[in-house]
>>> print(open('target_23.cif').read())   # mmCIF, C-alpha atoms
data_data
#
loop_
_atom_site.label_atom_id
_atom_site.label_comp_id
_atom_site.auth_asym_id
_atom_site.auth_seq_id
_atom_site.Cartn_x
_atom_site.Cartn_y
_atom_site.Cartn_z
CA MET A 80 -39.43 -104.10 28.48
CA ALA A 81 -37.50 -101.20 29.81
CA HIS A 82 -36.66 -98.29 27.55
CA SER A 83 -33.11 -96.98 27.81
CA THR A 84 -32.54 -93.26 27.91
CA THR A 85 -28.83 -93.61 27.32
CA GLY A 86 -27.69 -91.45 24.39
CA SER A 87 -30.92 -89.62 24.19
CA CYS A 88 -31.11 -85.86 24.55
CA SER A 89 -33.77 -83.37 25.18
CA LEU A 90 -33.84 -80.42 22.80
CA THR A 91 -35.08 -77.08 24.03
CA ARG A 92 -35.93 -74.37 21.56
CA ILE A 93 -34.15 -71.14 22.34
CA PRO A 94 -36.25 -68.11 21.53
CA GLU A 95 -34.78 -65.99 18.79
CA ALA A 96 -33.86 -62.43 19.66
CA PRO A 97 -36.22 -59.95 18.11
CA ILE A 98 -34.73 -58.34 15.04
CA TRP A 99 -37.16 -55.50 14.74
CA SER A 100 -35.13 -53.13 16.99
CA ASP A 101 -31.93 -53.30 14.87
CA ASP A 102 -33.86 -53.06 11.67
CA LEU A 103 -35.67 -50.03 12.98
CA ARG A 104 -32.45 -48.28 13.89
CA PHE A 105 -31.00 -49.11 10.48
CA ASN A 106 -34.08 -47.80 8.73
CA ARG A 107 -33.88 -44.57 10.69
CA MET A 108 -30.25 -44.09 9.64
CA GLU A 109 -31.18 -44.72 6.02
CA ARG A 110 -33.60 -41.82 6.11
CA GLY A 111 -30.65 -39.29 6.44
CA PHE A 112 -30.96 -35.76 7.85
CA SER A 113 -34.23 -33.98 8.22
CA LEU A 114 -34.70 -30.53 6.69
CA VAL A 115 -34.29 -28.95 10.09
CA GLU A 116 -31.02 -30.80 10.67
CA LEU A 117 -29.75 -29.78 7.24
CA ALA A 118 -30.68 -26.18 7.90
CA VAL A 119 -28.73 -26.20 11.17
CA VAL A 120 -25.71 -27.73 9.44
CA MET A 121 -25.84 -25.13 6.66
CA VAL A 122 -26.02 -22.29 9.19
CA ILE A 123 -23.00 -23.66 11.04
CA VAL A 124 -21.03 -24.11 7.82
CA GLY A 125 -21.98 -20.59 6.73
CA LEU A 126 -20.79 -19.12 10.00
CA LEU A 127 -17.52 -21.01 9.79
CA LEU A 128 -16.93 -19.96 6.18
CA GLY A 129 -17.83 -16.36 6.94
CA GLY A 130 -15.36 -16.27 9.80
CA MET A 131 -12.66 -17.84 7.67
CA ILE A 132 -13.24 -15.40 4.80
CA ALA A 133 -13.16 -12.40 7.15
CA THR A 134 -9.95 -13.63 8.76
CA LEU A 135 -8.39 -14.31 5.37
CA SER A 136 -9.37 -10.84 4.12
CA VAL A 137 -7.72 -9.20 7.14
CA GLN A 138 -4.59 -11.27 6.64
CA ILE A 139 -4.41 -10.31 2.96
CA ASP A 140 -4.82 -6.62 3.80
CA GLN A 141 -2.08 -6.84 6.44
CA ARG A 142 0.21 -8.64 4.02
CA ASN A 143 -0.41 -6.05 1.29
CA HIS A 144 0.17 -3.21 3.75
CA SER A 145 3.50 -4.69 4.84
CA GLU A 146 4.54 -5.44 1.27
CA THR A 147 3.68 -1.90 0.15
CA GLN A 148 5.65 -0.42 3.04
CA PHE A 149 8.60 -2.57 1.99
CA ARG A 150 8.32 -1.38 -1.63
CA LEU A 151 8.19 2.28 -0.57
CA GLU A 152 11.31 1.88 1.53
CA ALA A 153 13.00 0.06 -1.36
CA ALA A 154 12.03 2.94 -3.65
CA ARG A 155 13.52 5.43 -1.21
CA GLU A 156 16.79 3.49 -1.21
CA ALA A 157 16.69 3.28 -5.01
CA LEU A 158 16.36 7.08 -5.18
CA LEU A 159 19.35 7.56 -2.88
CA ALA A 160 21.37 5.02 -4.87
CA TYR A 161 20.48 6.88 -8.06
CA ALA A 162 21.61 10.15 -6.47
CA ILE A 163 24.97 8.59 -5.59
CA ALA A 164 25.43 7.21 -9.10
CA ASN A 165 24.27 10.36 -10.91
CA GLY A 166 24.93 13.18 -8.47
CA ARG A 167 21.28 14.20 -8.41
CA LEU A 168 17.75 13.00 -7.77
CA PRO A 169 15.57 12.01 -10.73
CA CYS A 170 12.51 13.97 -11.76
CA PRO A 171 9.05 12.35 -11.44
CA ALA A 172 7.53 10.39 -14.30
CA THR A 173 4.10 11.09 -15.75
CA SER A 174 1.42 8.74 -17.01
CA ALA A 175 2.59 9.63 -20.55
CA SER A 176 6.30 8.89 -20.01
CA ALA A 177 6.23 5.06 -19.85
CA GLY A 178 7.87 5.02 -16.42
CA ALA A 179 10.80 7.31 -17.23
CA GLU A 180 11.58 10.65 -15.61
CA VAL A 181 10.46 13.79 -17.46
CA ARG A 182 13.34 16.29 -17.34
CA LEU A 183 15.03 18.94 -19.43
CA ALA A 184 18.80 18.91 -19.93
CA THR A 185 19.04 21.90 -17.59
CA GLY A 186 17.72 19.75 -14.76
CA VAL A 187 14.26 21.31 -14.74
CA CYS A 188 11.54 18.69 -14.22
CA GLY A 189 8.91 18.43 -16.92
CA ALA A 190 8.73 20.61 -19.97
CA THR A 191 8.14 23.86 -18.12
CA GLY A 192 9.05 23.20 -14.49
CA THR A 193 5.60 23.75 -13.00
CA ALA A 194 4.34 22.49 -9.64
CA PHE A 195 2.66 19.66 -11.55
CA ASP A 196 6.07 18.48 -12.78
CA TYR A 197 7.46 18.29 -9.25
CA TYR A 198 4.51 17.46 -6.97
CA GLY A 199 2.11 15.56 -9.23
CA GLY A 200 -1.60 16.01 -9.77
CA VAL A 201 -3.51 15.81 -13.05
CA SER A 202 -3.09 18.24 -15.95
CA GLY A 203 -4.64 17.83 -19.38
CA GLY A 204 -5.59 14.26 -18.58
CA VAL A 205 -1.98 13.37 -17.68
CA THR A 206 -1.11 12.24 -14.15
CA GLY A 207 2.16 13.56 -12.78
CA GLY A 208 4.21 12.72 -9.74
CA LEU A 209 4.83 9.04 -10.50
CA LEU A 210 7.92 7.12 -9.43
CA PRO A 211 10.30 6.89 -12.46
CA ALA A 212 10.74 3.12 -12.20
CA VAL A 213 12.42 2.75 -15.61
CA THR A 214 14.96 5.46 -14.79
CA LEU A 215 15.68 3.82 -11.42
CA GLY A 216 15.55 0.23 -12.64
CA PHE A 217 12.93 -0.43 -9.98
CA GLN A 218 10.70 -3.50 -9.74
CA PRO A 219 7.89 -4.54 -9.67
CA VAL A 220 6.18 -2.56 -12.41
CA ASP A 221 2.93 -2.80 -14.34
CA THR A 222 2.68 -3.52 -18.07
CA SER A 223 3.38 0.15 -18.85
CA GLY A 224 6.59 0.30 -16.83
CA PHE A 225 5.28 2.09 -13.74
CA ALA A 226 6.16 1.03 -10.20
CA ILE A 227 3.19 -0.42 -8.34
CA ASP A 228 2.27 -1.13 -4.75
CA ALA A 229 0.89 -4.46 -3.48
CA TRP A 230 -2.63 -3.47 -4.58
CA GLY A 231 -1.48 -2.77 -8.14
CA ASN A 232 -1.72 1.03 -7.81
CA ARG A 233 1.07 3.21 -9.18
CA ILE A 234 3.57 4.50 -6.63
CA ARG A 235 3.81 8.29 -6.41
CA TYR A 236 6.89 10.51 -6.08
CA ALA A 237 7.44 14.22 -5.41
CA VAL A 238 10.75 16.12 -5.34
CA SER A 239 11.62 19.55 -4.00
CA MET A 240 11.21 22.43 -6.45
CA VAL A 241 11.81 25.47 -4.23
CA THR A 242 14.94 25.98 -2.12
CA THR A 243 16.43 28.45 0.29
CA PRO A 244 18.58 30.17 -0.85
CA ALA A 245 16.72 30.04 -4.16
CA HIS A 246 18.41 27.74 -6.69
CA PRO A 247 16.01 26.38 -9.33
CA ALA A 248 16.40 22.67 -10.16
CA ASN A 249 18.98 22.31 -7.42
CA PHE A 250 18.30 18.71 -6.43
CA THR A 251 17.69 17.40 -9.95
CA ASN A 252 20.81 18.90 -11.51
CA ARG A 253 24.24 17.44 -10.68
CA THR A 254 26.18 20.63 -11.45
CA ASN A 255 23.85 22.83 -9.41
CA LEU A 256 23.85 20.42 -6.47
CA GLN A 257 27.64 20.27 -6.32
CA THR A 258 28.16 23.99 -6.99
CA ASN A 259 25.62 25.26 -4.49
CA GLY A 260 26.78 22.87 -1.78
CA LEU A 261 25.37 21.93 1.60
CA GLY A 262 23.93 25.35 2.42
CA VAL A 263 20.88 24.85 0.19
CA LEU A 264 17.76 23.48 1.87
CA PRO A 265 14.41 22.44 0.38
CA ASN A 266 11.70 24.97 1.14
CA ASP A 267 8.44 23.57 -0.16
CA LEU A 268 7.56 19.94 0.62
CA VAL A 269 5.95 19.50 4.02
CA VAL A 270 4.16 16.61 5.74
CA CYS A 271 1.19 17.25 8.04
CA SER A 272 -0.83 14.91 10.25
CA GLU A 273 -4.03 16.19 8.62
CA SER A 274 -5.06 18.51 5.83
CA PRO A 275 -5.22 22.21 6.77
CA ALA A 276 -8.66 23.69 7.28
CA THR A 277 -7.94 26.14 4.44
CA VAL A 278 -7.88 24.26 1.15
CA ALA A 279 -5.28 26.52 -0.48
CA ALA A 280 -2.96 26.52 2.54
CA ALA A 281 0.70 25.67 1.88
CA ALA A 282 1.53 25.03 5.52
CA CYS A 283 0.17 22.75 8.24
CA ASP A 284 -2.29 24.03 10.81
CA ALA A 285 -0.94 24.64 14.31
CA ASN A 286 0.35 21.47 16.01
CA LYS A 287 -0.30 19.39 12.88
CA SER A 288 3.23 19.39 11.44
CA VAL A 289 5.07 16.10 10.97
CA THR A 290 7.98 17.84 9.23
CA ASN A 291 8.85 21.45 8.46
CA THR A 292 9.44 23.06 5.07
CA LEU A 293 13.23 22.92 5.40
CA THR A 294 13.50 19.16 5.83
CA VAL A 295 11.97 17.05 3.07
CA VAL A 296 13.73 16.77 -0.28
CA ALA A 297 11.55 13.97 -1.73
CA ILE A 298 8.42 11.98 -0.88
CA VAL A 299 7.41 8.50 -2.03
CA PHE A 300 3.91 7.25 -1.32
CA SER A 301 1.15 4.78 -2.07
CA THR A 302 -2.50 5.72 -2.41
CA GLY A 303 -3.37 2.54 -0.51
CA LYS A 304 -5.94 -0.15 -1.12
CA ASN A 305 -8.56 2.36 -2.26
CA GLY A 306 -6.12 3.97 -4.71
CA ALA A 307 -8.31 3.36 -7.73
CA THR A 308 -11.30 5.08 -6.11
CA GLY A 309 -9.61 6.98 -3.28
CA GLY A 310 -8.68 10.60 -2.99
CA THR A 311 -12.19 11.72 -2.06
CA GLY A 312 -11.34 12.08 1.63
CA THR A 313 -9.99 15.45 2.76
CA ASN A 314 -6.63 14.06 3.83
CA GLU A 315 -6.12 11.70 0.88
CA ALA A 316 -7.06 14.44 -1.59
CA ARG A 317 -4.13 16.57 -0.42
CA ASN A 318 -1.68 13.90 -1.52
CA VAL A 319 -2.78 13.92 -5.17
CA ASP A 320 -3.77 17.56 -5.76
CA GLY A 321 -0.44 18.85 -7.06
CA ASN A 322 0.26 20.78 -3.87
CA ALA A 323 3.57 20.70 -1.96
CA LEU A 324 1.68 19.72 1.19
CA PHE A 325 1.20 16.02 1.98
CA VAL A 326 -0.59 14.13 4.76
CA SER A 327 0.67 11.14 6.72
CA ARG A 328 -1.43 9.67 9.52
CA THR A 329 -2.76 6.42 10.93
CA PRO A 330 -5.49 4.80 8.79
CA ASP A 331 -9.04 6.14 9.06
CA PRO A 332 -12.29 4.38 8.13
CA ALA A 333 -14.70 5.92 5.65
CA THR A 334 -16.87 7.07 8.56
CA ALA A 335 -14.09 9.19 10.11
CA THR A 336 -14.08 12.98 10.00
CA GLY A 337 -12.37 13.87 6.76
CA GLY A 338 -13.21 10.51 5.21
CA GLU A 339 -11.17 7.39 4.62
CA PHE A 340 -7.38 7.48 4.75
CA ASP A 341 -5.12 4.53 3.90
CA ASP A 342 -2.18 6.20 2.12
CA LEU A 343 1.35 5.17 3.08
CA LEU A 344 4.20 7.72 2.91
CA VAL A 345 7.98 7.71 3.30
CA TRP A 346 10.30 10.65 2.65
CA ILE A 347 13.96 11.57 2.26
CA PRO A 348 15.25 14.26 4.64
CA VAL A 349 17.80 16.54 3.01
CA GLY A 350 20.32 15.59 5.69
CA ILE A 351 20.17 11.95 4.62
CA LEU A 352 20.67 12.91 0.96
CA TYR A 353 23.67 15.11 1.78
CA SER A 354 25.12 12.43 4.05
CA ARG A 355 24.99 9.81 1.29
CA LEU A 356 26.53 12.21 -1.25
CA ILE A 357 29.32 13.15 1.14
CA SER A 358 30.07 9.48 1.80
CA ALA A 359 30.24 8.91 -1.96
CA GLY A 360 32.67 11.82 -2.37
CA LEU A 361 30.22 13.88 -4.41
CA LEU A 362 29.99 16.70 -1.88
CA PRO A 363 32.67 18.17 0.38
#
>>> encode(input="target_23.cif", output="structure tokens")
Amino acid sequence: MAHSTTGSCSLTRIPEAPIWSDDLRFNRMERGFSLVELAVVMVIVGLLLGGMIATLSVQIDQRNHSETQFRLEAAREALLAYAIANGRLPCPATSASAGAEVRLATGVCGATGTAFDYYGGVSGGVTGGLLPAVTLGFQPVDTSGFAIDAWGNRIRYAVSMVTTPAHPANFTNRTNLQTNGLGVLPNDLVVCSESPATVAAAACDANKSVTNTLTVVAIVFSTGKNGATGGTGTNEARNVDGNALFVSRTPDPATATGGEFDDLLVWIPVGILYSRLISAGLLP
């Protein structure tokens, strides 16, 4: 009897693909990073963070520098506006005056009209030569009413005390300023590009003058980022020593000759003051 093969099939077993290779790869991934790999990653992250922090620090310093420059220029304009409204410049404030000018009715700055009262410095534990923010209505100020720069340091201010011809309290007294007229020039404040070699000098060394003694009627300045601890450098010290001589120069690092310098200064030439007062009809 013949056997039919119709409808029958022949089954062939197909070998299964090995699974050990995928499992092995999976197991290796489960193990995570090795210590060496983690160390490399941490070094890379540290370098990236360090670079970002350094860049951010530079950006913040640049922003504060620009903001402080803006505030100094705003203070200069506030002083000129005050002169137009009152016919005179205000006297400086002191750390004991809560942001207001310190001035006698006669127009003399301070209680006695000393160099401290006009140029600043420290006397009896009191710091002079501060911008009178309350008198000017200037902002921003700290909790005591003193104008501050972008680093939170108090903005400084000096005004001319000595004139030629000699007229005491000329620029801080409305009557004197109008009576004496345009022929009176300041004869004390001067700006140098570096501090004179002689500590007690009242004039710039040769070829170091930025202005002369017949030009500047008032100076506004910031002690810079290092204001809280600054002033130890030769050039920075001249700006806070109560002397009529001030220094304005490009910034210097702490390693520079004369030490660190990061003060920012602006000033009012007497010609600008007279021009504004003439325009306002306060001077002929």
>>> residues_around(input="target_23.cif", residues="Ile351 of chain A", least_positions_apart="2", cutoff="12 Å", atoms="all atoms listed in the file", output="count of residues only")
22
>>> closest_residue(input="target_23.cif", among="A:Asn232, A:Ser288, A:Asn322, A:Asn266", to="Asn249 of chain A", atoms="all atoms listed in the file")
A:Asn266
>>> resolve_selection(input="target_23.cif", expression="the PyMOL selection byres ((chain A and resi 206-216) around 9)", output="PyMOL selection string")
chain A and resi 154+157-158+160-161+169-181+195-205+217-220+224-227+233-238+299+319+321
>>> residues_around(input="target_23.cif", residues="Pro330 of chain A", least_positions_apart="2", cutoff="12 Å", atoms="all atoms listed in the file", output="list of chain:residue names")
A:His144, A:Ser272, A:Glu273, A:Thr302, A:Gly303, A:Lys304, A:Asn305, A:Gly312, A:Asn314, A:Glu315, A:Val326, A:Ser327, A:Arg328, A:Pro332, A:Ala333, A:Thr334, A:Ala335, A:Thr336, A:Gly337, A:Gly338, A:Glu339, A:Phe340, A:Asp341, A:Asp342, A:Leu343, A:Leu344
>>> residues_around(input="target_23.cif", residues="Thr290 of chain A", least_positions_apart="6", cutoff="9 Å", atoms="all atoms listed in the file", output="PyMOL selection string")
chain A and resi 268-271
>>> atom_distance(input="target_23.cif", atom1="atom CA of Val137 of chain A", atom2="atom CA of Ile123 of chain A")
21.4 Å
>>> residues_near_point(input="target_23.cif", point="(15.1, 27.8, -2.8)", cutoff="9 Å", atoms="only C-alpha atoms", output="list in words")
Met240, Val241, Thr242, Thr243, Pro244, Ala245, His246, Pro247, Asn249, Val263, Leu264, Pro265, Asn266 and Asp267 of chain A
>>> atom_distance(input="target_23.cif", atom1="atom CA of Asn165 of chain A", atom2="atom CA of Thr251 of chain A")
9.7 Å
>>> atom_distance(input="target_23.cif", atom1="atom CA of Leu256 of chain A", atom2="atom CA of Val187 of chain A")
12.7 Å
>>> decode(input="target_23.cif", residues="segment 157-217 of chain A", atoms="C-alpha atoms", output="mmCIF file, in the first residue's frame")
data_model
loop_
_atom_site.group_PDB
_atom_site.id
_atom_site.type_symbol
_atom_site.label_atom_id
_atom_site.label_comp_id
_atom_site.auth_asym_id
_atom_site.auth_seq_id
_atom_site.Cartn_x
_atom_site.Cartn_y
_atom_site.Cartn_z
ATOM 1 C CA ALA A 157 23.207 116.913 39.936
ATOM 2 C CA LEU A 158 25.850 119.296 41.308
ATOM 3 C CA LEU A 159 25.480 121.607 38.309
ATOM 4 C CA ALA A 160 21.687 121.471 38.595
ATOM 5 C CA TYR A 161 21.979 122.351 42.273
ATOM 6 C CA ALA A 162 24.227 125.298 41.399
ATOM 7 C CA ILE A 163 21.623 126.581 38.930
ATOM 8 C CA ALA A 164 18.813 126.226 41.471
ATOM 9 C CA ASN A 165 20.754 127.698 44.406
ATOM 10 C CA GLY A 166 23.377 129.928 42.820
ATOM 11 C CA ARG A 167 26.227 127.992 44.401
ATOM 12 C CA LEU A 168 27.784 124.567 44.793
ATOM 13 C CA PRO A 169 27.041 122.539 47.927
ATOM 14 C CA CYS A 170 29.662 121.749 50.524
ATOM 15 C CA PRO A 171 30.755 118.124 51.051
ATOM 16 C CA ALA A 172 29.026 115.886 53.567
ATOM 17 C CA THR A 173 30.823 114.006 56.316
ATOM 18 C CA SER A 174 30.247 110.547 57.737
ATOM 19 C CA ALA A 175 28.523 112.274 60.697
ATOM 20 C CA SER A 176 26.106 114.405 58.632
ATOM 21 C CA ALA A 177 23.672 111.709 57.414
ATOM 22 C CA GLY A 178 24.267 112.602 53.772
ATOM 23 C CA ALA A 179 23.699 116.352 54.070
ATOM 24 C CA GLU A 180 26.219 119.093 53.312
ATOM 25 C CA VAL A 181 28.108 120.588 56.267
ATOM 26 C CA ARG A 182 28.146 124.370 55.816
ATOM 27 C CA LEU A 183 27.957 127.574 57.810
ATOM 28 C CA ALA A 184 25.493 130.314 56.852
ATOM 29 C CA THR A 185 28.427 132.361 55.560
ATOM 30 C CA GLY A 186 29.073 129.713 52.930
ATOM 31 C CA VAL A 187 32.144 128.293 54.630
ATOM 32 C CA CYS A 188 32.238 124.488 54.415
ATOM 33 C CA GLY A 189 32.355 122.614 57.695
ATOM 34 C CA ALA A 190 32.509 124.215 61.092
ATOM 35 C CA THR A 191 35.873 125.885 60.604
ATOM 36 C CA GLY A 192 36.573 125.809 56.872
ATOM 37 C CA THR A 193 39.655 123.589 56.987
ATOM 38 C CA ALA A 194 41.100 121.559 54.120
ATOM 39 C CA PHE A 195 39.319 118.546 55.608
ATOM 40 C CA ASP A 196 35.969 120.284 55.102
ATOM 41 C CA TYR A 197 36.662 120.887 51.410
ATOM 42 C CA TYR A 198 38.881 118.015 50.236
ATOM 43 C CA GLY A 199 37.984 115.145 52.572
ATOM 44 C CA GLY A 200 40.208 112.819 54.554
ATOM 45 C CA VAL A 201 39.672 111.555 58.092
ATOM 46 C CA SER A 202 39.712 113.750 61.200
ATOM 47 C CA GLY A 203 38.761 112.605 64.681
ATOM 48 C CA GLY A 204 37.311 109.404 63.300
ATOM 49 C CA VAL A 205 35.018 111.327 60.912
ATOM 50 C CA THR A 206 35.386 110.909 57.152
ATOM 51 C CA GLY A 207 34.984 114.075 55.114
ATOM 52 C CA GLY A 208 34.621 114.755 51.437
ATOM 53 C CA LEU A 209 31.451 112.725 50.816
ATOM 54 C CA LEU A 210 28.857 113.551 48.179
ATOM 55 C CA PRO A 211 25.915 115.342 49.913
ATOM 56 C CA ALA A 212 23.263 113.048 48.436
ATOM 57 C CA VAL A 213 20.460 114.267 50.719
ATOM 58 C CA THR A 214 21.156 117.902 49.841
ATOM 59 C CA LEU A 215 21.197 117.042 46.132
ATOM 60 C CA GLY A 216 18.320 114.566 46.224
ATOM 61 C CA PHE A 217 20.647 112.021 44.641
#
